[in-house]
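Data file: start-v2.tsv. Format and content: TSV, N, CA and C atoms.
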chain	number	residue	atom	x	y	z
M	1	MET	N	21.27	47.87	-63.39
M	1	MET	CA	22.56	47.62	-64.00
M	1	MET	C	23.66	48.01	-63.05
M	2	LYS	N	24.73	47.23	-63.06
M	2	LYS	CA	25.85	47.59	-62.21
M	2	LYS	C	26.43	48.89	-62.75
M	3	GLY	N	26.68	49.83	-61.88
M	3	GLY	CA	27.22	51.11	-62.29
M	3	GLY	C	26.24	52.24	-62.13
M	4	ASP	N	24.95	51.95	-61.99
M	4	ASP	CA	23.99	53.01	-61.71
M	4	ASP	C	24.38	53.65	-60.39
M	5	ARG	N	24.31	54.98	-60.35
M	5	ARG	CA	24.75	55.68	-59.15
M	5	ARG	C	23.92	56.95	-58.97
M	6	VAL	N	23.63	57.28	-57.72
M	6	VAL	CA	22.93	58.52	-57.39
M	6	VAL	C	23.73	59.22	-56.32
M	7	GLU	N	24.02	60.50	-56.55
M	7	GLU	CA	24.71	61.33	-55.57
M	7	GLU	C	23.69	62.28	-54.96
M	8	ILE	N	23.74	62.41	-53.63
M	8	ILE	CA	22.82	63.29	-52.92
M	8	ILE	C	23.66	64.30	-52.13
M	9	VAL	N	23.43	65.58	-52.37
M	9	VAL	CA	24.13	66.63	-51.63
M	9	VAL	C	23.13	67.21	-50.63
M	10	VAL	N	23.51	67.19	-49.34
M	10	VAL	CA	22.61	67.57	-48.26
M	10	VAL	C	23.21	68.73	-47.48
M	11	ASP	N	22.37	69.70	-47.11
M	11	ASP	CA	22.77	70.81	-46.25
M	11	ASP	C	22.89	70.29	-44.82
M	12	ALA	N	24.09	70.43	-44.24
M	12	ALA	CA	24.33	69.94	-42.87
M	12	ALA	C	24.68	71.11	-41.96
M	13	GLY	N	23.88	72.15	-42.01
M	13	GLY	CA	24.14	73.31	-41.16
M	13	GLY	C	25.14	74.26	-41.81
M	14	ASP	N	26.36	74.28	-41.31
M	14	ASP	CA	27.38	75.19	-41.84
M	14	ASP	C	28.18	74.59	-42.99
M	15	THR	N	27.91	73.36	-43.38
M	15	THR	CA	28.62	72.70	-44.46
M	15	THR	C	27.64	71.82	-45.27
M	16	THR	N	28.15	71.20	-46.31
M	16	THR	CA	27.33	70.25	-47.07
M	16	THR	C	27.98	68.87	-46.99
M	17	ARG	N	27.16	67.86	-47.11
M	17	ARG	CA	27.65	66.49	-47.14
M	17	ARG	C	27.14	65.81	-48.41
M	18	THR	N	27.98	64.98	-48.97
M	18	THR	CA	27.63	64.26	-50.19
M	18	THR	C	27.54	62.77	-49.88
M	19	TYR	N	26.43	62.16	-50.27
M	19	TYR	CA	26.21	60.73	-50.09
M	19	TYR	C	26.05	60.11	-51.47
M	20	GLU	N	26.41	58.84	-51.58
M	20	GLU	CA	26.34	58.15	-52.85
M	20	GLU	C	25.69	56.78	-52.64
M	21	VAL	N	24.71	56.46	-53.47
M	21	VAL	CA	24.10	55.13	-53.45
M	21	VAL	C	24.43	54.50	-54.81
M	22	VAL	N	25.06	53.32	-54.77
M	22	VAL	CA	25.53	52.67	-55.99
M	22	VAL	C	24.93	51.28	-56.09
M	23	ALA	N	24.57	50.88	-57.31
M	23	ALA	CA	24.12	49.51	-57.56
M	23	ALA	C	25.35	48.61	-57.45
M	24	SER	N	25.41	47.82	-56.39
M	24	SER	CA	26.64	47.10	-56.05
M	24	SER	C	26.87	45.83	-56.87
M	25	ARG	N	25.82	45.26	-57.47
M	25	ARG	CA	25.96	44.03	-58.24
M	25	ARG	C	25.25	44.16	-59.58
M	26	ALA	N	25.62	43.30	-60.50
M	26	ALA	CA	24.97	43.29	-61.81
M	26	ALA	C	23.50	42.94	-61.63
M	27	GLY	N	22.63	43.59	-62.40
M	27	GLY	CA	21.20	43.32	-62.33
M	27	GLY	C	20.46	44.19	-61.35
M	28	ARG	N	21.17	44.97	-60.57
M	28	ARG	CA	20.51	45.87	-59.62
M	28	ARG	C	20.43	47.26	-60.21
M	29	ARG	N	19.49	48.04	-59.68
M	29	ARG	CA	19.33	49.42	-60.14
M	29	ARG	C	19.07	50.31	-58.93
M	30	VAL	N	19.19	51.60	-59.14
M	30	VAL	CA	18.95	52.57	-58.08
M	30	VAL	C	17.72	53.38	-58.45
M	31	GLU	N	16.75	53.45	-57.54
M	31	GLU	CA	15.51	54.19	-57.77
M	31	GLU	C	15.39	55.33	-56.76
M	32	THR	N	14.81	56.44	-57.20
M	32	THR	CA	14.58	57.58	-56.31
M	32	THR	C	13.08	57.86	-56.22
M	33	ALA	N	12.67	58.35	-55.05
M	33	ALA	CA	11.27	58.72	-54.84
M	33	ALA	C	11.23	59.87	-53.85
M	34	VAL	N	10.26	60.79	-54.07
M	34	VAL	CA	10.04	61.89	-53.14
M	34	VAL	C	8.61	61.76	-52.64
M	35	ARG	N	8.47	61.52	-51.34
M	35	ARG	CA	7.14	61.32	-50.74
M	35	ARG	C	7.07	62.04	-49.40
M	36	ARG	N	6.04	62.83	-49.22
M	36	ARG	CA	5.75	63.47	-47.94
M	36	ARG	C	6.96	64.16	-47.31
M	37	GLY	N	7.70	64.88	-48.12
M	37	GLY	CA	8.83	65.63	-47.59
M	37	GLY	C	10.08	64.81	-47.33
M	38	VAL	N	10.12	63.59	-47.86
M	38	VAL	CA	11.29	62.73	-47.67
M	38	VAL	C	11.78	62.26	-49.03
M	39	VAL	N	13.08	62.39	-49.28
M	39	VAL	CA	13.70	61.86	-50.49
M	39	VAL	C	14.23	60.48	-50.14
M	40	GLU	N	13.82	59.48	-50.91
M	40	GLU	CA	14.21	58.10	-50.65
M	40	GLU	C	14.96	57.56	-51.86
M	41	VAL	N	16.18	57.07	-51.64
M	41	VAL	CA	16.99	56.48	-52.70
M	41	VAL	C	17.24	55.04	-52.32
M	42	SER	N	16.83	54.10	-53.21
M	42	SER	CA	16.89	52.67	-52.88
M	42	SER	C	17.65	51.90	-53.95
M	43	GLU	N	18.40	50.90	-53.50
M	43	GLU	CA	19.01	49.93	-54.40
M	43	GLU	C	18.05	48.76	-54.48
M	44	VAL	N	17.67	48.37	-55.72
M	44	VAL	CA	16.62	47.39	-55.94
M	44	VAL	C	17.13	46.27	-56.83
M	45	THR	N	16.73	45.02	-56.52
M	45	THR	CA	17.11	43.87	-57.34
M	45	THR	C	16.20	43.78	-58.56
M	46	ARG	N	16.48	42.82	-59.44
M	46	ARG	CA	15.65	42.63	-60.63
M	46	ARG	C	14.21	42.31	-60.28
M	47	SER	N	14.01	41.56	-59.20
M	47	SER	CA	12.66	41.17	-58.82
M	47	SER	C	11.91	42.27	-58.07
M	48	GLY	N	12.57	43.37	-57.75
M	48	GLY	CA	11.91	44.48	-57.07
M	48	GLY	C	12.13	44.53	-55.58
M	49	THR	N	12.94	43.63	-55.05
M	49	THR	CA	13.24	43.62	-53.62
M	49	THR	C	14.23	44.73	-53.29
M	50	VAL	N	13.90	45.52	-52.27
M	50	VAL	CA	14.78	46.62	-51.87
M	50	VAL	C	15.92	46.05	-51.03
M	51	VAL	N	17.16	46.36	-51.43
M	51	VAL	CA	18.34	45.87	-50.72
M	51	VAL	C	18.72	46.84	-49.61
M	52	ARG	N	18.79	48.13	-49.94
M	52	ARG	CA	19.09	49.16	-48.94
M	52	ARG	C	18.47	50.47	-49.37
M	53	THR	N	18.22	51.32	-48.39
M	53	THR	CA	17.54	52.58	-48.65
M	53	THR	C	18.22	53.70	-47.87
M	54	ALA	N	18.34	54.86	-48.50
M	54	ALA	CA	18.83	56.06	-47.83
M	54	ALA	C	17.69	57.08	-47.85
M	55	ARG	N	17.40	57.70	-46.71
M	55	ARG	CA	16.31	58.68	-46.62
M	55	ARG	C	16.86	60.01	-46.13
M	56	PHE	N	16.37	61.09	-46.75
M	56	PHE	CA	16.80	62.44	-46.40
M	56	PHE	C	15.58	63.35	-46.36
M	57	MET	N	15.60	64.34	-45.49
M	57	MET	CA	14.53	65.34	-45.46
M	57	MET	C	14.64	66.18	-46.73
M	58	ALA	N	13.53	66.33	-47.43
M	58	ALA	CA	13.53	67.00	-48.73
M	58	ALA	C	13.98	68.46	-48.62
M	59	ASN	N	13.65	69.14	-47.53
M	59	ASN	CA	14.05	70.54	-47.43
M	59	ASN	C	15.54	70.72	-47.15
M	60	ARG	N	16.26	69.63	-46.86
M	60	ARG	CA	17.71	69.68	-46.65
M	60	ARG	C	18.51	69.26	-47.89
M	61	VAL	N	17.85	68.65	-48.86
M	61	VAL	CA	18.53	68.17	-50.06
M	61	VAL	C	18.78	69.34	-50.99
M	62	LEU	N	20.06	69.55	-51.34
M	62	LEU	CA	20.43	70.62	-52.26
M	62	LEU	C	20.49	70.13	-53.70
M	63	ALA	N	20.96	68.90	-53.89
M	63	ALA	CA	21.07	68.35	-55.24
M	63	ALA	C	20.91	66.85	-55.20
M	64	LEU	N	20.30	66.33	-56.26
M	64	LEU	CA	20.12	64.89	-56.43
M	64	LEU	C	20.55	64.59	-57.86
M	65	VAL	N	21.70	63.94	-58.01
M	65	VAL	CA	22.28	63.71	-59.33
M	65	VAL	C	22.23	62.23	-59.65
M	66	GLU	N	21.44	61.86	-60.67
M	66	GLU	CA	21.36	60.47	-61.11
M	66	GLU	C	22.36	60.27	-62.24
M	67	GLN	N	23.21	59.25	-62.09
M	67	GLN	CA	24.22	58.97	-63.11
M	67	GLN	C	24.09	57.52	-63.55
M	68	PRO	N	23.24	57.27	-64.56
M	68	PRO	CA	23.06	55.89	-65.02
M	68	PRO	C	24.27	55.41	-65.80
M	69	VAL	N	24.46	54.11	-65.83
M	69	VAL	CA	25.54	53.53	-66.62
M	69	VAL	C	25.21	53.75	-68.09
M	70	PRO	N	26.20	54.08	-68.93
M	70	PRO	CA	25.90	54.26	-70.35
M	70	PRO	C	25.45	52.95	-70.98
M	71	ARG	N	24.33	52.99	-71.67
M	71	ARG	CA	23.78	51.80	-72.31
M	71	ARG	C	24.20	51.79	-73.79
M	72	GLU	N	24.32	50.58	-74.35
M	72	GLU	CA	24.63	50.46	-75.77
M	72	GLU	C	23.40	50.82	-76.58
M	73	ASP	N	23.60	51.51	-77.69
M	73	ASP	CA	22.50	51.82	-78.60
M	73	ASP	C	22.12	50.55	-79.33
M	74	SER	N	20.83	50.36	-79.58
M	74	SER	CA	20.36	49.13	-80.24
M	74	SER	C	20.94	48.98	-81.65
M	75	SER	N	21.23	50.10	-82.35
M	75	SER	CA	21.80	50.00	-83.69
M	75	SER	C	23.24	49.49	-83.63
M	76	GLU	N	23.96	49.74	-82.53
M	76	GLU	CA	25.31	49.23	-82.39
M	76	GLU	C	25.31	47.73	-82.18
M	77	LYS	N	24.31	47.21	-81.47
M	77	LYS	CA	24.23	45.79	-81.21
M	77	LYS	C	23.97	45.00	-82.48
M	78	SER	N	23.04	45.48	-83.31
M	78	SER	CA	22.64	44.72	-84.49
M	78	SER	C	23.57	44.93	-85.67
M	79	GLY	N	24.52	45.83	-85.56
M	79	GLY	CA	25.43	46.08	-86.66
M	79	GLY	C	24.82	46.94	-87.74
M	80	HIS	N	23.77	47.67	-87.43
M	80	HIS	CA	23.10	48.55	-88.39
M	80	HIS	C	24.05	49.67	-88.78
M	81	SER	N	24.14	49.96	-90.07
M	81	SER	CA	25.11	50.94	-90.56
M	81	SER	C	24.66	52.38	-90.38
M	82	GLY	N	23.41	52.62	-90.04
M	82	GLY	CA	22.93	53.98	-89.87
M	82	GLY	C	22.31	54.56	-91.13
M	83	ARG	N	22.31	53.79	-92.23
M	83	ARG	CA	21.67	54.26	-93.47
M	83	ARG	C	20.16	54.12	-93.35
M	84	PRO	N	19.40	54.92	-94.08
M	84	PRO	CA	17.94	54.78	-94.03
M	84	PRO	C	17.51	53.43	-94.60
M	85	LEU	N	16.32	52.98	-94.20
M	85	LEU	CA	15.83	51.69	-94.65
M	85	LEU	C	15.48	51.71	-96.14
M	86	ARG	N	15.03	52.84	-96.61
M	86	ARG	CA	14.74	52.94	-98.05
M	86	ARG	C	15.27	54.27	-98.56
M	87	GLU	N	15.53	54.32	-99.84
M	87	GLU	CA	16.05	55.54	-100.43
M	87	GLU	C	14.94	56.56	-100.62
M	88	ASP	N	15.30	57.82	-100.66
M	88	ASP	CA	14.37	58.90	-100.89
M	88	ASP	C	13.86	58.81	-102.33
M	89	PRO	N	12.53	58.72	-102.58
M	89	PRO	CA	12.04	58.53	-103.94
M	89	PRO	C	12.29	59.73	-104.87
M	90	GLU	N	12.57	60.89	-104.32
M	90	GLU	CA	12.76	62.07	-105.16
M	90	GLU	C	14.17	62.21	-105.67
M	91	THR	N	15.10	61.40	-105.20
M	91	THR	CA	16.48	61.55	-105.67
M	91	THR	C	16.86	60.52	-106.69
For this file, produce the structure as structure tokens.
Amino acid sequence: MKGDRVEIVVDAGDTTRTYEVVASRAGRRVETAVRRGVVEVSEVTRSGTVVRTARFMANRVLALVEQPVPREDSSEKSGHSGRPLREDPET
């Protein structure tokens, strides 16, 4: 989804650096993976093709913040009022 974003805070010696990977177009998403001491953050299309990738040494990563786009609740889409489907038989 457009708006998916991951922020990566990395130790750069005497300071920290912040990097951001954002889903640049509608239909794309951002995926994270940690493998063999490397943190990999990739922007991926609907079909699974990787558009771009950022790689960081895992021992240098201080924080990895995933910020997905807020999704609509399914009850809001269908116009459901939030009432239970059936009444409580004891009342």
| d(atom C of Gly13 (chain M), atom N of Val38 (chain M)) in Å |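 Between atom C of Gly13 (chain M) and atom N of Val38 (chain M) the gap is 19.4 Å.
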| request: Measure the distance from CA of Leu62 (chain M) to CA of Thr16 (chain M) in Å and round it to one decimal. | output: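 One can read the CA of Leu62 (chain M) to CA of Thr16 (chain M) distance as 8.6 Å.
CA of Val65 (chain M) lies 8.4 Å from CA of Arg5 (chain M).
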| field | Selection as a list in words: residues within 10 Å of (19.2, 48.8, -51.4), counting only C-alpha atoms | value |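 Those within range, by chain then number, are Val21, Val22, Ala23, Ser24, Arg28, Arg29, Val30, Glu31, Val41, Ser42, Glu43, Val44, Thr45, Thr49, Val50, Val51, Arg52, Thr53 and Ala54 of chain M.
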| task | Could you tell me which of M:Val10, M:Pro70, M:Arg25, M:Thr18 comes closest to Phe56 (chain M) if we count only N, CA and C atoms? | result |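 Ranking M:Val10, M:Pro70, M:Arg25, M:Thr18 by distance to Phe56 (chain M), first place goes to M:Val10.
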| task | Would you please work out which residue, of M:Pro68, M:Thr15, M:Ile8, M:Gly27, is nearest to Glu40 (chain M) when using only C-alpha atoms? | result |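 Closest candidate: M:Ile8.
Among M:Val6, M:Glu66, M:Arg46, M:Thr32, the residue with the shortest atom-to-atom distance to Glu20 (chain M), counting all atoms listed in the file, is M:Val6.
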| query | Using only C-alpha atoms, which residue out of M:Val34, M:Val9, M:Ala26, M:Tyr19 lies closest to Arg60 (chain M)? | reply |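 Under the stated criterion, the closest residue is M:Val9.
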